[in-house]
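J.: data38.txt is reproduced below (compact mmCIF, C-alpha atoms and all ligand atoms).
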```txt
# COMPACT_ATOMS: atom_id res chain seq x y z
CA MET A 1 114.34 119.09 95.38
CA GLN A 2 114.08 117.01 98.54
CA VAL A 3 110.91 115.04 99.34
CA GLY A 4 111.31 112.77 102.34
CA GLU A 5 114.20 110.41 101.57
CA TYR A 6 114.34 111.43 97.92
CA ARG A 7 116.86 114.06 96.91
CA LEU A 8 117.34 115.32 93.36
CA GLU A 9 119.80 118.16 93.02
CA ASN A 10 118.56 119.62 89.76
CA PRO A 11 115.25 118.43 88.28
CA ARG A 12 115.79 120.83 85.35
CA GLU A 13 118.74 118.71 84.22
CA ILE A 14 116.43 116.18 82.54
CA GLU A 15 113.15 116.51 80.68
CA THR A 16 110.00 115.15 82.27
CA PRO A 17 108.50 112.61 82.48
CA GLU A 18 111.62 110.56 83.24
CA LEU A 19 112.31 107.52 85.37
CA LEU A 20 114.64 107.92 88.35
CA VAL A 21 116.19 105.05 90.30
CA PHE A 22 117.78 105.78 93.66
CA GLU A 23 120.81 103.52 93.83
CA ASP A 24 121.13 103.37 97.62
CA MET A 25 117.53 102.23 97.90
CA VAL A 26 118.09 99.48 95.32
CA GLN A 27 121.08 98.28 97.33
CA ARG A 28 119.06 98.32 100.55
CA ASN A 29 116.30 96.31 98.83
CA ILE A 30 118.90 93.74 97.75
CA ASP A 31 120.24 93.52 101.31
CA ALA A 32 116.69 93.23 102.69
CA VAL A 33 115.60 90.35 100.44
CA ILE A 34 118.76 88.40 101.31
CA ARG A 35 118.18 89.06 105.03
CA ILE A 36 114.57 87.86 104.77
CA CYS A 37 115.46 84.69 102.85
CA GLY A 38 118.65 83.90 104.77
CA SER A 39 120.77 83.57 101.61
CA THR A 40 120.70 84.20 97.87
CA ASP A 41 120.36 80.43 97.33
CA ARG A 42 116.69 80.51 98.24
CA ILE A 43 115.81 83.29 95.76
CA VAL A 44 115.25 83.17 92.00
CA PRO A 45 114.58 86.86 91.24
CA HIS A 46 112.32 87.59 88.29
CA ALA A 47 114.13 89.81 85.75
CA LYS A 48 110.92 91.32 84.34
CA THR A 49 110.90 94.26 86.78
CA HIS A 50 114.20 95.81 85.70
CA LYS A 51 115.00 94.11 82.35
CA SER A 52 118.43 95.65 82.73
CA ALA A 53 121.98 94.33 82.48
CA ASP A 54 123.09 97.05 84.90
CA VAL A 55 120.68 95.94 87.63
CA LEU A 56 121.43 92.29 86.88
CA LYS A 57 125.10 93.04 87.57
CA LEU A 58 124.19 94.49 90.97
CA GLN A 59 122.18 91.37 91.75
CA MET A 60 125.02 89.10 90.62
CA ALA A 61 127.52 91.10 92.68
CA ALA A 62 125.32 90.39 95.72
CA GLY A 63 125.53 86.65 94.99
CA PHE A 64 122.41 85.85 92.97
CA ARG A 65 123.09 83.15 90.39
CA SER A 66 119.58 81.95 89.44
CA PHE A 67 116.90 84.02 87.73
CA LYS A 68 113.41 83.75 86.34
CA CYS A 69 112.12 85.38 83.18
CA ALA A 70 109.04 85.59 80.96
CA THR A 71 110.41 86.60 77.55
CA LEU A 72 113.17 85.49 75.23
CA PRO A 73 114.99 88.87 75.34
CA GLU A 74 115.08 88.55 79.15
CA ALA A 75 116.39 84.98 78.85
CA GLU A 76 119.02 86.07 76.31
CA LEU A 77 120.12 88.95 78.57
CA LEU A 78 120.50 86.60 81.54
CA VAL A 79 122.36 83.93 79.60
CA ARG A 80 124.65 86.50 77.98
CA HIS A 81 125.73 87.65 81.42
CA GLY A 82 126.67 84.16 82.50
CA VAL A 83 124.11 83.42 85.21
CA ASP A 84 124.06 79.78 86.36
CA GLU A 85 120.35 79.15 85.93
CA VAL A 86 117.42 80.65 84.03
CA ILE A 87 113.86 79.47 84.60
CA PHE A 88 111.75 80.43 81.60
CA ALA A 89 108.47 80.82 83.48
CA TYR A 90 106.14 81.31 80.54
CA PRO A 91 104.46 78.58 78.48
CA LEU A 92 106.39 77.95 75.28
CA THR A 93 104.07 77.13 72.40
CA HIS A 94 105.11 79.14 69.32
CA PRO A 95 107.38 77.00 67.11
CA ARG A 96 109.76 79.88 66.35
CA LYS A 97 110.06 80.78 70.01
CA ILE A 98 110.76 77.14 70.87
CA GLU A 99 113.47 77.04 68.22
CA ARG A 100 115.00 80.26 69.60
CA PHE A 101 114.83 78.85 73.13
CA ALA A 102 116.46 75.58 72.02
CA ALA A 103 119.19 77.45 70.12
CA LEU A 104 119.91 79.58 73.21
CA LYS A 105 120.19 76.46 75.34
CA LYS A 106 122.48 74.76 72.84
CA ALA A 107 124.75 77.82 72.55
CA HIS A 108 125.10 78.24 76.34
CA PRO A 109 125.68 74.85 77.93
CA ASN A 110 127.10 76.50 81.08
CA THR A 111 123.75 78.08 81.95
CA SER A 112 121.06 75.69 83.04
CA LEU A 113 118.08 76.90 81.00
CA LYS A 114 114.80 75.44 82.26
CA ALA A 115 111.11 75.73 81.35
CA ILE A 116 107.63 75.26 82.78
CA VAL A 117 104.94 72.91 81.45
CA SER A 118 101.24 72.55 82.15
CA ALA A 119 99.63 71.12 79.01
CA PRO A 120 100.32 68.03 76.87
CA GLU A 121 101.07 70.43 73.98
CA HIS A 122 103.99 71.91 75.96
CA LEU A 123 105.38 68.44 76.64
CA GLU A 124 105.14 67.38 73.02
CA ALA A 125 106.61 70.54 71.52
CA LEU A 126 109.50 70.83 73.99
CA SER A 127 110.26 67.13 73.85
CA GLN A 128 110.46 67.22 70.05
CA ALA A 129 112.70 70.31 70.04
CA MET A 130 115.04 68.78 72.61
CA ARG A 131 115.26 65.49 70.74
CA ARG A 132 116.01 67.35 67.50
CA GLY A 133 118.80 69.22 69.28
CA GLY A 134 120.13 66.14 71.13
CA MET A 135 119.43 67.79 74.51
CA GLU A 136 117.52 67.16 77.71
CA LEU A 137 115.40 69.91 79.28
CA GLU A 138 114.72 70.26 82.98
CA VAL A 139 111.14 71.37 83.59
CA TYR A 140 108.83 72.42 86.41
CA VAL A 141 105.17 71.53 86.29
CA ASP A 142 103.25 74.79 86.57
CA LEU A 143 100.52 74.40 89.21
CA ASP A 144 97.57 76.79 89.32
CA THR A 145 96.84 77.27 93.00
CA GLY A 146 94.13 79.90 92.48
CA MET A 147 95.23 82.64 90.09
CA ARG A 148 93.51 80.98 87.09
CA ARG A 149 96.09 82.19 84.58
CA THR A 150 98.42 79.31 83.71
CA GLY A 151 99.07 75.96 85.27
CA VAL A 152 97.50 72.59 85.70
CA GLN A 153 94.57 72.40 88.12
CA PRO A 154 95.42 71.08 91.59
CA GLY A 155 94.49 67.65 92.89
CA ASP A 156 94.53 64.45 90.87
CA GLU A 157 94.74 66.34 87.55
CA ALA A 158 98.06 67.89 88.65
CA ALA A 159 99.33 64.60 90.05
CA SER A 160 98.64 62.66 86.85
CA PHE A 161 100.08 65.44 84.66
CA TYR A 162 103.23 65.39 86.80
CA ILE A 163 103.65 61.68 86.10
CA GLN A 164 102.96 62.22 82.38
CA ALA A 165 105.60 64.99 82.26
CA ALA A 166 108.14 62.83 84.06
CA ARG A 167 107.64 60.07 81.48
CA THR A 168 108.09 62.38 78.48
CA PRO A 169 111.28 61.68 76.54
CA ALA A 170 114.01 64.36 76.70
CA LEU A 171 112.31 66.15 79.61
CA ARG A 172 113.37 65.84 83.24
CA THR A 173 110.80 66.93 85.83
CA LEU A 174 112.35 68.69 88.83
CA GLY A 175 109.32 69.84 90.83
CA LEU A 176 106.54 72.41 90.78
CA HIS A 177 106.31 76.04 89.71
CA VAL A 178 103.66 78.16 91.42
CA PHE A 179 102.83 81.78 90.80
CA ASP A 180 100.04 82.71 93.18
CA GLY A 181 98.93 86.01 91.66
CA HIS A 182 95.64 85.78 93.60
CA THR A 183 97.60 86.96 96.68
CA LEU A 184 98.38 90.30 94.96
CA TYR A 185 97.03 93.50 96.44
CA LYS A 186 95.76 91.78 99.58
CA PRO A 187 97.38 93.78 102.38
CA ASP A 188 95.74 91.63 105.06
CA TYR A 189 98.50 89.25 106.21
CA ASP A 190 96.20 86.51 107.53
CA GLU A 191 94.19 86.40 104.32
CA ARG A 192 97.37 86.07 102.24
CA LYS A 193 98.88 83.52 104.62
CA SER A 194 95.83 81.27 104.31
CA LEU A 195 96.03 81.45 100.50
CA VAL A 196 99.71 80.44 100.65
CA ASP A 197 98.91 77.61 103.08
CA GLN A 198 96.35 76.38 100.56
CA SER A 199 98.98 76.57 97.77
CA ILE A 200 101.39 74.53 99.89
CA ALA A 201 98.67 71.93 100.55
CA TYR A 202 98.08 71.63 96.79
CA MET A 203 101.84 71.27 96.25
CA ARG A 204 102.05 68.53 98.93
CA HIS A 205 99.41 66.49 97.13
CA VAL A 206 101.59 66.42 94.00
CA TRP A 207 104.80 65.79 95.98
CA ASP A 208 103.14 62.77 97.62
CA ALA A 209 101.97 61.41 94.26
CA ALA A 210 105.45 61.91 92.77
CA ASP A 211 106.99 60.15 95.76
CA ALA A 212 104.59 57.22 95.42
CA HIS A 213 105.81 56.82 91.81
CA GLY A 214 109.49 57.14 92.73
CA LEU A 215 109.77 60.51 90.95
CA GLU A 216 111.82 63.46 92.13
CA ALA A 217 110.02 66.68 93.07
CA ASP A 218 112.38 68.29 95.52
CA ASP A 219 113.21 71.49 93.61
CA ASN A 220 110.18 73.78 93.62
CA VAL A 221 109.83 77.48 92.85
CA ALA A 222 106.97 79.58 94.18
CA GLY A 223 105.65 83.02 94.95
CA GLY A 224 106.03 86.67 94.10
CA SER A 225 106.61 89.77 96.18
CA TRP A 226 103.24 89.40 97.95
CA SER A 227 103.87 85.87 99.13
CA PHE A 228 107.47 84.68 98.83
CA HIS A 229 108.33 85.05 102.52
CA LEU A 230 105.37 82.85 103.43
CA TYR A 231 106.89 79.86 101.58
CA LEU A 232 110.27 80.01 103.34
CA GLY A 233 109.23 77.40 105.93
CA GLU A 234 109.24 74.78 103.14
CA PRO A 235 112.88 73.71 102.67
CA ASN A 236 112.22 72.26 99.19
CA VAL A 237 110.83 75.55 97.84
CA ARG A 238 112.85 78.42 96.35
CA VAL A 239 111.06 81.74 96.00
CA SER A 240 110.77 83.99 92.95
CA PRO A 241 109.74 87.57 93.67
CA GLY A 242 110.73 90.31 91.21
CA THR A 243 109.16 93.63 92.17
CA TRP A 244 111.11 93.84 95.47
CA ILE A 245 114.11 95.29 93.56
CA TYR A 246 112.24 98.58 92.95
CA TRP A 247 109.04 98.14 94.98
CA ASP A 248 106.04 100.38 94.19
CA SER A 249 103.15 102.18 95.83
CA ARG A 250 100.73 99.23 95.63
CA ASN A 251 103.24 96.76 97.05
CA ALA A 252 103.98 99.28 99.81
CA THR A 253 100.42 98.85 101.11
CA MET A 254 101.73 95.53 102.49
CA ASP A 255 103.47 96.78 105.60
CA GLU A 256 105.28 93.64 106.82
CA LEU A 257 108.12 93.96 104.27
CA PRO A 258 110.85 96.61 104.55
CA PHE A 259 111.47 97.39 100.86
CA GLU A 260 111.76 100.99 99.65
CA ILE A 261 110.23 102.48 96.50
CA ALA A 262 113.48 102.96 94.60
CA ALA A 263 112.06 103.82 91.15
CA VAL A 264 109.90 106.91 90.71
CA VAL A 265 108.81 109.04 87.77
CA LEU A 266 109.87 112.67 87.80
CA GLY A 267 106.94 114.74 86.56
CA GLN A 268 105.96 118.37 86.27
CA VAL A 269 102.66 120.21 86.74
CA ILE A 270 101.70 121.67 83.37
CA ASP A 271 98.29 123.30 84.03
CA ARG A 272 95.68 123.92 86.72
CA ASP A 273 91.88 123.99 87.10
CA PRO A 274 91.05 125.73 90.39
CA GLY A 275 87.30 125.14 89.88
CA MET A 276 87.92 121.40 89.86
CA ASP A 277 90.65 121.58 92.53
CA THR A 278 92.94 119.76 90.08
CA VAL A 279 96.30 120.20 88.47
CA THR A 280 97.31 118.53 85.23
CA THR A 281 100.68 116.82 85.10
CA ASP A 282 102.81 115.32 82.33
CA VAL A 283 102.64 111.82 83.84
CA GLY A 284 100.18 110.16 81.48
CA SER A 285 99.44 106.51 80.79
CA LYS A 286 102.52 106.38 78.55
CA ALA A 287 104.71 107.10 81.58
CA CYS A 288 103.35 105.12 84.52
CA SER A 289 101.64 101.79 85.40
CA PRO A 290 99.02 101.72 82.62
CA ASP A 291 97.81 98.29 83.75
CA GLN A 292 96.45 99.55 87.08
CA PRO A 293 93.05 101.10 87.86
CA ILE A 294 93.45 104.89 87.44
CA PRO A 295 93.58 105.89 91.15
CA ASN A 296 96.36 103.30 91.68
CA ARG A 297 98.62 104.25 88.77
CA PHE A 298 100.73 106.52 90.97
CA THR A 299 100.83 108.36 94.25
CA ILE A 300 102.74 111.61 94.69
CA VAL A 301 105.59 111.36 97.18
CA GLY A 302 105.14 113.85 100.03
CA HIS A 303 101.58 114.71 98.93
CA PRO A 304 99.55 111.84 100.37
CA ARG A 305 96.11 113.41 99.79
CA ALA A 306 96.70 114.06 96.06
CA GLU A 307 94.71 111.61 93.95
CA LEU A 308 95.02 110.67 90.28
CA LEU A 309 91.60 111.35 88.79
CA ALA A 310 92.06 110.86 85.06
CA GLN A 311 94.83 110.02 82.65
CA SER A 312 95.32 110.26 78.94
CA GLU A 313 98.45 109.33 77.06
CA GLU A 314 100.59 112.32 78.10
CA HIS A 315 98.42 113.93 80.79
CA GLY A 316 97.61 112.98 84.35
CA VAL A 317 94.91 114.99 86.15
CA VAL A 318 95.42 115.08 89.89
CA LYS A 319 92.87 116.17 92.51
CA LEU A 320 94.70 118.14 95.16
CA ASN A 321 92.49 117.57 98.25
CA GLY A 322 94.38 120.29 100.10
CA GLU A 323 97.87 119.48 98.77
CA LYS A 324 99.91 122.35 97.31
CA LEU A 325 101.15 121.80 93.76
CA ASP A 326 101.07 124.36 90.98
CA VAL A 327 102.15 124.95 87.39
CA GLY A 328 105.88 124.44 86.96
CA ASP A 329 106.32 122.39 90.14
CA PHE A 330 108.29 119.16 89.87
CA PHE A 331 107.08 116.09 91.75
CA LEU A 332 107.89 112.41 92.19
CA ALA A 333 105.25 109.88 91.16
CA ALA A 334 105.61 106.55 92.96
CA PRO A 335 104.30 104.02 90.39
CA GLY A 336 101.49 101.68 91.38
CA HIS A 337 103.27 98.99 89.36
CA ALA A 338 107.04 99.23 88.89
CA CYS A 339 107.30 96.49 86.24
CA THR A 340 104.97 98.15 83.72
CA THR A 341 106.59 101.54 84.38
CA THR A 342 110.21 100.61 83.63
CA VAL A 343 109.27 99.43 80.13
CA LYS A 344 107.89 102.88 79.33
CA PHE A 345 111.45 104.24 79.30
CA PRO A 346 114.56 103.08 77.43
CA PHE A 347 116.61 103.64 80.60
CA ALA A 348 116.36 104.83 84.19
CA ASN A 349 118.39 107.78 85.47
CA VAL A 350 120.48 106.60 88.40
CA VAL A 351 120.50 109.03 91.34
CA ASP A 352 123.12 108.86 94.10
CA ALA A 353 122.70 109.70 97.79
CA ALA A 354 123.64 113.33 97.14
CA GLY A 355 120.86 113.68 94.57
CA ARG A 356 123.13 113.71 91.53
CA ILE A 357 122.28 111.84 88.34
CA VAL A 358 125.31 109.60 88.02
CA GLY A 359 124.41 107.24 85.20
CA ARG A 360 121.77 105.09 83.56
CA TYR A 361 120.34 101.63 83.96
CA ASN A 362 119.54 100.62 80.39
CA HIS A 363 116.39 98.57 79.83
CA ASP A 364 118.12 96.13 77.49
CA ALA A 365 115.33 93.54 77.38
CA ARG A 366 112.53 96.11 77.15
CA ASP A 367 110.90 94.78 73.97
CA HIS A 368 109.50 91.38 73.11
C1 LIG B 1 105.48 83.71 86.93
C2 LIG B 1 105.86 84.84 87.83
N1 LIG B 1 106.78 84.63 88.78
C3 LIG B 1 107.17 85.61 89.63
C4 LIG B 1 106.64 86.88 89.54
C5 LIG B 1 107.14 87.94 90.48
O1 LIG B 1 106.13 88.48 91.26
P1 LIG B 1 106.21 89.98 91.83
O2 LIG B 1 106.14 90.88 90.67
O3 LIG B 1 105.01 90.08 92.72
O4 LIG B 1 107.47 90.10 92.57
C6 LIG B 1 105.67 87.14 88.56
C7 LIG B 1 105.03 88.46 88.45
O5 LIG B 1 104.20 88.75 87.63
C8 LIG B 1 105.27 86.09 87.68
O6 LIG B 1 104.35 86.29 86.71
```
Step by step, read the file and then write its structure as structure tokens.
Ligand SMILES: Cc1ncc(COP(=O)(O)O)c(C=O)c1O
T.:
Amino acid sequence: MQVGEYRLENPREIETPELLVFEDMVQRNIDAVIRICGSTDRIVPHAKTHKSADVLKLQMAAGFRSFKCATLPEAELLVRHGVDEVIFAYPLTHPRKIERFAALKKAHPNTSLKAIVSAPEHLEALSQAMRRGGMELEVYVDLDTGMRRTGVQPGDEAASFYIQAARTPALRTLGLHVFDGHTLYKPDYDERKSLVDQSIAYMRHVWDAADAHGLEADDNVAGGSWSFHLYLGEPNVRVSPGTWIYWDSRNATMDELPFEIAAVVLGQVIDRDPGMDTVTTDVGSKACSPDQPIPNRFTIVGHPRAELLAQSEEHGVVKLNGEKLDVGDFFLAAPGHACTTTVKFPFANVVDAAGRIVGRYNHDARDH
């Protein structure tokens, strides 16, 4: 089959639904992010999108040395492959997880393993674990610039927490961590830009307070795929997008970035209902972006008017709206969210430029 840029020689070779990753597109996405940021030094890619040693190796071959992660299996994968720096960008509170984190740090002194903090409980627990292990931990203060998920509130609260963190034994405060998830799914550039400008203003307030107390705050990490490029004017900020490696149909509604949707789900039409103008496919919620509203869970490549109407675990009902798809047809579903699609599969089938399946990217850090 050939749909636009996507070529797959023999869809019957694998059972559906299956995840395909087009290797040339991944490589072009890597080249594009480096071009946008000027060098790999400005980027701390999040590993959550691919969770794969195979993709990590491609990123390392392109020069990336620093990575972000949200889970211990991701951190362990990164450390095992000898990256220089891992930023554990998820609040550590569970005593067993803190012990596992501390043990990982102790066992791999050549990787700089760092954490984020935003509550006195984080400071206390991490400080104790580091003192027990005779180590020092470099931390970023997580600043909530509007997402309302994690992070200390901006303004004087953030400034005084920064000073408290810097005074905590066995912790060394480097700067701020910002994930501005409130910029997600806002295709309007000006609207997103003003949200990022606000984030930068909140960051400046803390930088000024740190400076007034003689504290360092010159290593900061901010942004995801919807915003990272808007922070690049700040020389003391590195950026941390993750989804750019595969891209997806929701991110593609932002047209200023050149990334390609490199990961798609191969599906098949399994039934039809002409009275409803629908076909039923085998791309259910167990195969594609279950965290998105139903119409956004996937689009069908080459069939722009087709619309996902309903989904159960192994079924996806698609309204055709004039598109031609019928029982037995194969199609490519472009996920609305790449990161929650990869984890649905133990591996991705790697497809080369000729449309041949030439290998697998294993999802090594798929589970918690
Ligand atoms: C803390 C953190 N940093 C970075 C990212 C990467 O953002 P994106 O997936 O938009 O590239 C995420 C995404 O969820 C995140 O939670």
J.: Do you know which residues are at most 9 Å from Asp352 of chain A counting only C-alpha atoms, after dropping those on the same chain fewer than 4 positions away, and could you put them as a CSV table (one decimal) with C-alpha atoms, in the coordinates of the input?
T.:
```
chain,number,residue,atom,x,y,z
A,7,ARG,CA,116.9,114.1,96.9
A,8,LEU,CA,117.3,115.3,93.4
A,21,VAL,CA,116.2,105.0,90.3
A,22,PHE,CA,117.8,105.8,93.7
A,23,GLU,CA,120.8,103.5,93.8
A,24,ASP,CA,121.1,103.4,97.6
A,356,ARG,CA,123.1,113.7,91.5
A,357,ILE,CA,122.3,111.8,88.3
A,358,VAL,CA,125.3,109.6,88.0
```
J.: Pick out the closest residue to ligand LIG 1 (chain B) from this set: A:Val237, A:Leu113, A:Ile245, A:Leu104. Count all atoms listed in the file.
T.: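 Checking each of A:Val237, A:Leu113, A:Ile245, A:Leu104 against ligand LIG 1 (chain B), counting all atoms listed in the file, the winner is A:Ile245.
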J.: For ligand LIG 1 (chain B), list the contacting residues at 6 Å or closer, counting only C-alpha atoms and all ligand atoms, as a list in words.
T.: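 If we count only C-alpha atoms and all ligand atoms, the neighbours of ligand LIG 1 (chain B) turn out to be His46, Ala89, Phe179, Gly224, Ser225, Trp226, Ser240, Pro241, Gly242, Thr243 and Trp244 of chain A.
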J.: Give me the residues near segment 31-33 of chain A as a list in words, where near means some atom within 9 Å (using only C-alpha atoms) and where sequence neighbours in that chain fewer than 3 positions away do not count.
T.: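 Answer for this query is Val26, Gln27, Arg28, Ile36, Cys37, Gly38, Ser39, Thr40, Ile43, Ala62, Trp244, Ile245, Leu257, Pro258 and Phe259 of chain A.
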J.: Here is a test: counting only C-alpha atoms, which residue of A:Val279, A:Asp180, A:Gln153, A:Ala210 is nearest to Tyr231 of chain A?
T.: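 Result for the nearest residue to Tyr231 of chain A: A:Asp180.
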J.: Excluding segment 70-74 of chain A and any residue of its chain fewer than 6 positions from it, enumerate the residues within 10 Å of it, using all atoms listed in the file, and give them as a list in words.
T.: His46, Ala47, Lys48, His50, Lys51, Ser52, Ala53, Arg80, Val86, Ile87, Phe88, Ala89, Tyr90, Pro91, Leu92, Lys97, Ile98, Arg100, Phe101, Leu104, Asp364, Ala365, Arg366, Asp367 and His368 of chain A
J.: For Asn349 of chain A, which of A:Leu320, A:Asp54, A:Leu308, A:Phe298 is the closest residue, counting all atoms listed in the file?
T.: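 Ranking A:Leu320, A:Asp54, A:Leu308, A:Phe298 by distance to Asn349 of chain A, first place goes to A:Asp54.
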J.: So what do you get for atom CA of Leu174 of chain A versus atom CA of Lys193 of chain A, distance-wise?
T.: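 Here the two named atoms are 25.5 Å from each other.
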J.: Rank nothing, just name the residue among A:Thr299, A:Thr49, A:Gln59, A:Asn29 nearest to His363 of chain A, using all atoms listed in the file.
T.: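 Among the listed residues, the smallest separation from His363 of chain A belongs to A:Thr49.
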J.: Report as CSV the residues of segment 202-260 of chain A within 9 Å of segment 124-141 of chain A, each with its shortest atom pair and distance in Å (one decimal), using all atoms listed in the file, ordered by chain and increasing residue number.
T.:
```
residue,atom,partner,partner_atom,distance
A:Ala217,CA,A:Tyr140,CA,8.9
A:Asp219,CA,A:Tyr140,CA,8.5
A:Asn220,CA,A:Tyr140,CA,7.5
A:Val221,CA,A:Tyr140,CA,8.3
```
